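Just run-v5.cif here, mmCIF, C-alpha atoms and all ligand atoms:
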data_upload
loop_
_atom_site.label_atom_id
_atom_site.label_comp_id
_atom_site.auth_asym_id
_atom_site.auth_seq_id
_atom_site.Cartn_x
_atom_site.Cartn_y
_atom_site.Cartn_z
CA MET A 1 -21.60 -3.80 0.20
CA LYS A 2 -25.21 -4.93 0.36
CA ILE A 3 -25.53 -8.39 1.91
CA PHE A 4 -28.46 -10.75 1.44
CA ARG A 5 -28.41 -13.52 4.04
CA GLU A 6 -30.28 -16.57 2.76
CA LYS A 7 -31.17 -19.77 4.54
CA ASP A 8 -29.58 -22.30 2.21
CA TYR A 9 -28.24 -22.95 -1.30
CA ASP A 10 -31.65 -22.89 -2.93
CA ALA A 11 -32.64 -19.59 -1.36
CA MET A 12 -29.24 -18.14 -2.26
CA SER A 13 -29.72 -19.30 -5.86
CA ARG A 14 -33.19 -17.82 -6.10
CA ARG A 15 -32.08 -14.46 -4.71
CA ALA A 16 -29.08 -14.32 -7.06
CA ALA A 17 -31.31 -15.15 -10.03
CA GLN A 18 -33.70 -12.39 -8.98
CA VAL A 19 -30.87 -9.85 -9.03
CA ILE A 20 -29.80 -11.00 -12.50
CA ALA A 21 -33.38 -11.06 -13.81
CA ALA A 22 -33.95 -7.56 -12.44
CA GLU A 23 -30.89 -6.34 -14.31
CA ILE A 24 -32.12 -7.87 -17.59
CA THR A 25 -35.64 -6.52 -17.11
CA HIS A 26 -34.30 -3.06 -16.36
CA ASN A 27 -31.80 -3.15 -19.22
CA PRO A 28 -32.66 -5.84 -21.82
CA ALA A 29 -29.53 -5.16 -23.87
CA CYS A 30 -27.17 -5.40 -20.89
CA VAL A 31 -23.72 -6.94 -20.80
CA LEU A 32 -23.64 -9.73 -18.23
CA GLY A 33 -20.36 -11.03 -16.87
CA LEU A 34 -20.99 -14.69 -16.07
CA ALA A 35 -19.36 -17.28 -13.86
CA THR A 36 -19.13 -21.04 -13.68
CA GLY A 37 -18.70 -23.52 -10.84
CA SER A 38 -21.23 -25.20 -8.59
CA THR A 39 -22.26 -21.93 -6.93
CA PRO A 40 -24.18 -20.33 -9.86
CA GLU A 41 -25.75 -23.56 -11.14
CA GLY A 42 -28.89 -23.09 -9.07
CA ALA A 43 -29.31 -19.47 -10.15
CA TYR A 44 -29.04 -20.50 -13.80
CA LYS A 45 -31.78 -23.10 -13.22
CA TYR A 46 -34.08 -20.38 -11.93
CA LEU A 47 -33.28 -18.14 -14.90
CA VAL A 48 -34.02 -20.97 -17.36
CA ASP A 49 -37.27 -21.67 -15.54
CA TRP A 50 -38.37 -18.04 -15.66
CA TYR A 51 -37.43 -17.85 -19.35
CA LYS A 52 -39.56 -20.94 -20.07
CA LYS A 53 -42.46 -19.36 -18.22
CA GLY A 54 -42.16 -16.28 -20.44
CA CYS A 55 -41.03 -13.96 -17.65
CA LEU A 56 -37.58 -13.24 -19.06
CA SER A 57 -35.82 -12.89 -22.41
CA PHE A 58 -32.11 -12.99 -23.18
CA GLN A 59 -32.58 -11.93 -26.81
CA GLU A 60 -30.59 -8.72 -26.51
CA VAL A 61 -28.27 -9.78 -23.67
CA LEU A 62 -24.56 -10.03 -24.37
CA THR A 63 -22.38 -12.16 -22.10
CA VAL A 64 -18.69 -12.36 -21.26
CA ASN A 65 -17.44 -15.19 -19.08
CA LEU A 66 -14.82 -14.94 -16.41
CA ASP A 67 -12.54 -17.78 -17.33
CA GLU A 68 -11.71 -20.99 -19.17
CA TYR A 69 -9.30 -23.86 -18.66
CA VAL A 70 -6.30 -23.92 -20.98
CA GLY A 71 -6.32 -26.97 -23.25
CA LEU A 72 -10.00 -27.92 -22.99
CA SER A 73 -12.14 -27.77 -26.11
CA PRO A 74 -15.68 -26.32 -26.00
CA GLU A 75 -16.96 -29.90 -26.34
CA HIS A 76 -15.08 -31.11 -23.26
CA GLU A 77 -17.62 -31.68 -20.51
CA GLN A 78 -15.50 -29.81 -17.96
CA SER A 79 -14.77 -26.81 -20.15
CA TYR A 80 -16.48 -23.65 -19.03
CA ARG A 81 -17.92 -23.13 -22.54
CA TYR A 82 -19.61 -26.52 -22.19
CA PHE A 83 -20.81 -25.58 -18.70
CA MET A 84 -22.39 -22.37 -19.98
CA GLN A 85 -24.09 -24.10 -22.91
CA SER A 86 -25.52 -26.89 -20.79
CA ASN A 87 -26.51 -24.77 -17.77
CA LEU A 88 -27.86 -21.67 -19.51
CA PHE A 89 -27.22 -20.82 -23.16
CA ASP A 90 -28.80 -23.92 -24.74
CA HIS A 91 -32.02 -23.37 -22.80
CA VAL A 92 -32.74 -19.67 -23.37
CA ASP A 93 -33.12 -17.34 -26.35
CA ILE A 94 -29.65 -15.82 -26.15
CA LEU A 95 -27.96 -15.32 -29.54
CA PRO A 96 -24.89 -17.59 -29.84
CA ASP A 97 -22.78 -14.74 -31.23
CA PHE A 98 -23.61 -12.69 -28.16
CA THR A 99 -21.91 -15.14 -25.81
CA THR A 100 -18.17 -15.11 -25.21
CA VAL A 101 -15.93 -17.42 -23.20
CA PRO A 102 -12.12 -17.20 -23.42
CA ASP A 103 -10.69 -19.67 -25.93
CA GLY A 104 -8.58 -22.15 -23.97
CA LEU A 105 -7.31 -23.65 -27.22
CA ALA A 106 -6.06 -20.38 -28.72
CA ALA A 107 -2.76 -20.82 -30.59
CA ASP A 108 -1.38 -17.76 -28.85
CA LEU A 109 -2.85 -17.44 -25.37
CA ASN A 110 -1.39 -13.99 -24.77
CA VAL A 111 -3.04 -12.66 -27.92
CA GLU A 112 -6.31 -14.27 -26.80
CA CYS A 113 -6.01 -12.51 -23.43
CA ALA A 114 -5.32 -9.11 -25.00
CA GLN A 115 -8.22 -9.53 -27.44
CA TYR A 116 -10.53 -10.56 -24.62
CA ASP A 117 -9.79 -7.34 -22.76
CA ASP A 118 -10.26 -5.29 -25.93
CA TYR A 119 -13.62 -6.94 -26.48
CA ILE A 120 -14.87 -6.35 -22.93
CA ARG A 121 -13.73 -2.74 -23.09
CA SER A 122 -15.41 -2.26 -26.49
CA GLN A 123 -18.67 -3.46 -24.95
CA GLY A 124 -18.39 -0.92 -22.15
CA TYR A 125 -17.71 -3.54 -19.44
CA ALA A 126 -20.38 -5.59 -17.68
CA ALA A 127 -23.50 -3.98 -16.26
CA LEU A 128 -23.48 -6.85 -13.79
CA GLN A 129 -20.63 -9.23 -13.06
CA LEU A 130 -21.58 -12.49 -11.38
CA LEU A 131 -18.87 -14.03 -9.19
CA GLY A 132 -18.43 -17.14 -7.12
CA ILE A 133 -15.44 -17.39 -4.84
CA GLY A 134 -12.76 -20.00 -4.36
CA ARG A 135 -12.01 -21.41 -0.91
CA ASN A 136 -8.72 -19.52 -1.13
CA GLY A 137 -10.50 -16.26 -1.99
CA HIS A 138 -9.96 -16.40 -5.74
CA ILE A 139 -12.41 -14.64 -8.03
CA GLY A 140 -12.59 -15.86 -11.61
CA PHE A 141 -9.23 -17.60 -11.60
CA ASN A 142 -7.39 -14.66 -10.04
CA GLU A 143 -5.41 -16.73 -7.59
CA PRO A 144 -3.80 -15.45 -4.36
CA GLY A 145 -0.40 -13.94 -5.10
CA ASP A 146 1.88 -10.97 -4.59
CA CYS A 147 -0.10 -8.52 -6.72
CA PHE A 148 -3.50 -8.01 -8.27
CA ILE A 149 -3.38 -8.63 -12.03
CA LYS A 150 -5.41 -6.09 -13.94
CA GLU A 151 -5.55 -7.65 -17.40
CA THR A 152 -6.94 -10.95 -18.65
CA HIS A 153 -4.09 -13.38 -18.19
CA VAL A 154 -2.93 -16.97 -18.22
CA VAL A 155 -2.75 -18.28 -14.68
CA ASP A 156 -1.05 -21.27 -13.12
CA LEU A 157 -3.76 -22.74 -10.94
CA ALA A 158 -3.01 -22.95 -7.24
CA GLU A 159 -2.58 -26.46 -5.86
CA ASN A 160 -5.59 -26.00 -3.57
CA THR A 161 -7.71 -24.87 -6.53
CA ILE A 162 -6.71 -28.02 -8.42
CA ASP A 163 -7.65 -30.01 -5.32
CA ALA A 164 -11.01 -28.24 -5.05
CA ASN A 165 -11.86 -28.71 -8.74
CA ALA A 166 -10.67 -32.34 -8.94
CA ARG A 167 -14.19 -33.39 -7.93
CA PHE A 168 -15.38 -32.50 -11.45
CA PHE A 169 -12.73 -34.64 -13.20
CA ALA A 170 -12.07 -38.38 -13.37
CA SER A 171 -8.85 -37.84 -11.43
CA ARG A 172 -6.77 -34.98 -10.02
CA ASP A 173 -4.28 -35.50 -12.85
CA ASP A 174 -6.97 -34.62 -15.38
CA VAL A 175 -7.48 -31.11 -13.95
CA PRO A 176 -5.81 -28.57 -16.26
CA LYS A 177 -2.90 -26.79 -14.62
CA GLN A 178 -3.58 -23.47 -16.30
CA ALA A 179 -6.53 -21.25 -17.12
CA ILE A 180 -7.30 -17.95 -18.79
CA SER A 181 -8.88 -15.54 -16.35
CA MET A 182 -10.45 -12.16 -16.72
CA GLY A 183 -8.31 -9.81 -14.67
CA ILE A 184 -9.21 -7.67 -11.71
CA GLY A 185 -9.52 -4.63 -14.02
CA ALA A 186 -12.53 -5.88 -15.98
CA ILE A 187 -14.17 -7.20 -12.81
CA MET A 188 -13.73 -3.88 -11.00
CA ASN A 189 -14.96 -1.97 -14.05
CA ALA A 190 -18.31 -3.78 -13.95
CA LYS A 191 -21.04 -1.40 -12.83
CA LYS A 192 -22.38 -3.91 -10.34
CA VAL A 193 -20.86 -7.06 -8.85
CA LEU A 194 -23.03 -9.93 -7.64
CA LEU A 195 -20.91 -12.17 -5.41
CA CYS A 196 -22.48 -15.49 -4.43
CA ALA A 197 -21.35 -18.04 -1.88
CA SER A 198 -22.77 -21.14 -0.27
CA GLY A 199 -21.48 -23.54 2.34
CA GLU A 200 -19.19 -23.46 5.32
CA GLU A 201 -16.10 -24.13 3.19
CA LYS A 202 -16.53 -20.59 1.81
CA ALA A 203 -16.97 -18.93 5.21
CA GLU A 204 -13.32 -17.95 5.64
CA ALA A 205 -13.00 -16.60 2.09
CA ILE A 206 -16.17 -14.56 2.59
CA TYR A 207 -14.95 -13.24 5.93
CA ASN A 208 -11.61 -12.21 4.41
CA THR A 209 -13.32 -10.70 1.37
CA VAL A 210 -15.75 -8.60 3.37
CA CYS A 211 -13.66 -7.46 6.31
CA GLY A 212 -10.11 -8.69 5.94
CA PRO A 213 -7.28 -6.50 4.71
CA ILE A 214 -7.37 -5.60 1.02
CA THR A 215 -4.62 -7.84 -0.25
CA PRO A 216 -3.81 -9.98 -3.28
CA LYS A 217 -3.42 -12.85 -0.81
CA CYS A 218 -7.25 -12.82 -0.87
CA PRO A 219 -8.18 -11.54 -4.35
CA GLY A 220 -11.85 -11.13 -3.40
CA SER A 221 -10.87 -8.49 -0.85
CA ILE A 222 -10.43 -5.92 -3.63
CA LEU A 223 -14.22 -5.87 -3.92
CA GLN A 224 -14.19 -3.68 -0.79
CA LEU A 225 -13.11 -0.90 -3.16
CA HIS A 226 -16.00 -1.47 -5.58
CA PRO A 227 -18.90 0.96 -5.10
CA ASN A 228 -21.71 -1.47 -5.94
CA VAL A 229 -21.31 -5.02 -4.64
CA VAL A 230 -24.23 -7.26 -3.74
CA LEU A 231 -23.26 -10.34 -1.73
CA VAL A 232 -25.82 -13.13 -1.74
CA ALA A 233 -24.80 -15.93 0.57
CA ASP A 234 -26.32 -18.62 2.72
CA GLU A 235 -26.01 -18.78 6.48
CA ALA A 236 -23.15 -21.26 6.35
CA ALA A 237 -21.05 -19.06 4.06
CA LEU A 238 -21.75 -16.07 6.32
CA SER A 239 -21.04 -17.98 9.53
CA LYS A 240 -17.60 -16.47 10.20
CA LEU A 241 -18.97 -12.98 9.69
CA THR A 242 -21.87 -13.57 12.06
CA ALA A 243 -19.59 -15.24 14.61
CA ALA A 244 -17.42 -12.12 14.52
CA GLY A 245 -20.49 -9.98 15.23
CA VAL A 246 -20.66 -8.38 11.78
CA ALA A 247 -24.26 -7.35 11.07
CA VAL A 248 -25.54 -9.20 8.00
C1 LIG A 301 -13.73 -22.06 -9.89
C2 LIG A 301 -13.99 -20.87 -10.84
C3 LIG A 301 -14.54 -19.70 -10.11
C4 LIG A 301 -15.51 -20.17 -9.07
C5 LIG A 301 -14.74 -20.90 -8.00
C6 LIG A 301 -15.62 -21.58 -6.98
O1 LIG A 301 -12.53 -22.68 -10.04
N1 LIG A 301 -12.89 -20.47 -11.64
O2 LIG A 301 -15.13 -18.80 -11.03
O3 LIG A 301 -16.16 -19.09 -8.48
O4 LIG A 301 -13.78 -21.76 -8.52
O5 LIG A 301 -16.22 -22.71 -7.51
P1 LIG A 301 -17.48 -23.41 -6.87
O6 LIG A 301 -18.62 -22.47 -7.11
O7 LIG A 301 -17.65 -24.69 -7.61
O8 LIG A 301 -17.20 -23.58 -5.43
#

Show me this structure written as structure tokens.
Ligand code: GLP
Amino acid sequence: MKIFREKDYDAMSRRAAQVIAAEITHNPACVLGLATGSTPEGAYKYLVDWYKKGCLSFQEVLTVNLDEYVGLSPEHEQSYRYFMQSNLFDHVDILPDFTTVPDGLAADLNVECAQYDDYIRSQGYAALQLLGIGRNGHIGFNEPGDCFIKETHVVDLAENTIDANARFFASRDDVPKQAISMGIGAIMNAKKVLLCASGEEKAEAIYNTVCGPITPKCPGSILQLHPNVVLVADEAALSKLTAAGVAV
């Protein structure tokens, strides 16, 4: 695992955006696996900025997103489709048909999950998969549990994930209780994984991901088995690793 230690959120965002931009420059028709949440917002801002300056084009890029809340429409301000439109897609030259987010309103969620996996497989998996991490170590919405789930699936959100995400909603009761999440299989099949983290509240999850046991109790820990992971994190998110004497 290659680790970039950055001073703060802005530096982390810039570094992450540089890794993504490098991927697009190297391979303009790449498949990008994208993530939502507060962590990648800053990186998306840099990408939009560089696109507006003419340094970057998304014209041939195809994207697949990690997850979506069950029951939220694309127009709902907290849906991940809405997040992607407002943070990235609406501001760059990506083709709308080349962007995919799971459909949280699908009549049959299991069919939606199976089709999502078929689609990712048919595109040859992501060249680069961007990931944030939950405070409990979740990646996408692969929550801690008794086993790693390979396929895209419907997940009951953990209580602490609902707590963590309540800040985006009017009240905790408004947070959806379920989501569709890309499974561990598609994430691990990405050729490169870019894991980003900022803030002390992620320090334990990052410590467990990087040097804890590989266990579904910390879903991020499976990344230890991936041959090409780049971790971009700020000093606060790396603080438990540095306190333990791990060279970063
Ligand atoms: C969310 C998303 C994840 C994200 C994580 C952390 O619930 N499903 O993809 O990485 O939780 O979010 P944040 O970046 O806002 O801390």

### Message
Within 7 Å of ligand LIG 301 (chain A) (counting all atoms listed in the file), which residues show up? I'd like them as a PyMOL selection string.
### Response
chain A and resi 35-40+66-67+131-134+138-141+161+165

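Checking A:Lys192, A:Lys240, A:Lys2, A:Lys52 one by one against Gly212 (chain A), counting all atoms listed in the file, you find the shortest gap at A:Lys240.
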
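CA of Gly124 (chain A) to CA of Leu157 (chain A) spans 28.6 Å [interatomic distance, one decimal].
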
### Query
So which residues touch Leu223 (chain A) within 10 Å, counting all atoms listed in the file, skipping near sequence neighbours fewer than 3 positions away, as an NGL selection string?
:A and (1 or 139 or 184 or 187-188 or 193 or 195 or 209-210 or 214 or 219-220 or 226-229)

### Message
Can you tell me which residues surround Pro144 (chain A) at a distance of at most 8 Å, considering only C-alpha atoms, apart from same-chain residues fewer than 3 positions away, and format the answer as a ChimeraX atom specification?
### Response
/A:136-138,216-219

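Among the candidates A:Tyr207, A:Tyr125, A:Tyr69, A:Phe83, the one nearest to Val154 (chain A) when counting all atoms listed in the file is A:Tyr69.
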
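Counting from CA of Gly183 (chain A), the distance to CA of Tyr80 (chain A) is 16.7 Å.
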
### Message
So that I can see what lies close to Ala237 (chain A), please list as a PyMOL selection string the residues with an atom at most 12 Å from it, counting only C-alpha atoms and leaving out residues fewer than 2 positions away in the same chain.
### Response
chain A and resi 3-9+12+39+132-135+195-210+231-235+239-243+248

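If you look at CA of His91 (chain A) and CA of Asp10 (chain A), they are 19.9 Å away from each other.
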
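Residues in contact with region 13-18 of chain A at up to 6 Å, not including ones fewer than 3 positions away on its chain and judged by all atoms listed in the file, are Asp10, Ala21, Ala22, Gly42 and Ala43 of chain A.
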
#### Entry: Distance query Cys30 (chain A) at most 9 Å, only C-alpha atoms, self and fewer than 6 positions along chain excluded, as a ChimeraX atom specification
/A:23-24,60-63,126-128

### Query
Taking (-10.1, -4.4, -24.7) in the file's coordinates as the center, which residues reach within 12 Å of it, counting all atoms listed in the file, put as a ChimeraX atom specification?
/A:111-125,150-152,182-183,185-186,189

Go ahead and dump the residues you just picked, C-alpha atoms, as a PDB file, in the frame of the given file.
ATOM      1  CA  VAL A 111      -3.040 -12.660 -27.920  1.00  0.00           C
ATOM      2  CA  GLU A 112      -6.310 -14.270 -26.800  1.00  0.00           C
ATOM      3  CA  CYS A 113      -6.010 -12.510 -23.430  1.00  0.00           C
ATOM      4  CA  ALA A 114      -5.320  -9.110 -25.000  1.00  0.00           C
ATOM      5  CA  GLN A 115      -8.220  -9.530 -27.440  1.00  0.00           C
ATOM      6  CA  TYR A 116     -10.530 -10.560 -24.620  1.00  0.00           C
ATOM      7  CA  ASP A 117      -9.790  -7.340 -22.760  1.00  0.00           C
ATOM      8  CA  ASP A 118     -10.260  -5.290 -25.930  1.00  0.00           C
ATOM      9  CA  TYR A 119     -13.620  -6.940 -26.480  1.00  0.00           C
ATOM     10  CA  ILE A 120     -14.870  -6.350 -22.930  1.00  0.00           C
ATOM     11  CA  ARG A 121     -13.730  -2.740 -23.090  1.00  0.00           C
ATOM     12  CA  SER A 122     -15.410  -2.260 -26.490  1.00  0.00           C
ATOM     13  CA  GLN A 123     -18.670  -3.460 -24.950  1.00  0.00           C
ATOM     14  CA  GLY A 124     -18.390  -0.920 -22.150  1.00  0.00           C
ATOM     15  CA  TYR A 125     -17.710  -3.540 -19.440  1.00  0.00           C
ATOM     16  CA  LYS A 150      -5.410  -6.090 -13.940  1.00  0.00           C
ATOM     17  CA  GLU A 151      -5.550  -7.650 -17.400  1.00  0.00           C
ATOM     18  CA  THR A 152      -6.940 -10.950 -18.650  1.00  0.00           C
ATOM     19  CA  MET A 182     -10.450 -12.160 -16.720  1.00  0.00           C
ATOM     20  CA  GLY A 183      -8.310  -9.810 -14.670  1.00  0.00           C
ATOM     21  CA  GLY A 185      -9.520  -4.630 -14.020  1.00  0.00           C
ATOM     22  CA  ALA A 186     -12.530  -5.880 -15.980  1.00  0.00           C
ATOM     23  CA  ASN A 189     -14.960  -1.970 -14.050  1.00  0.00           C
TER      24      ASN A 189
END
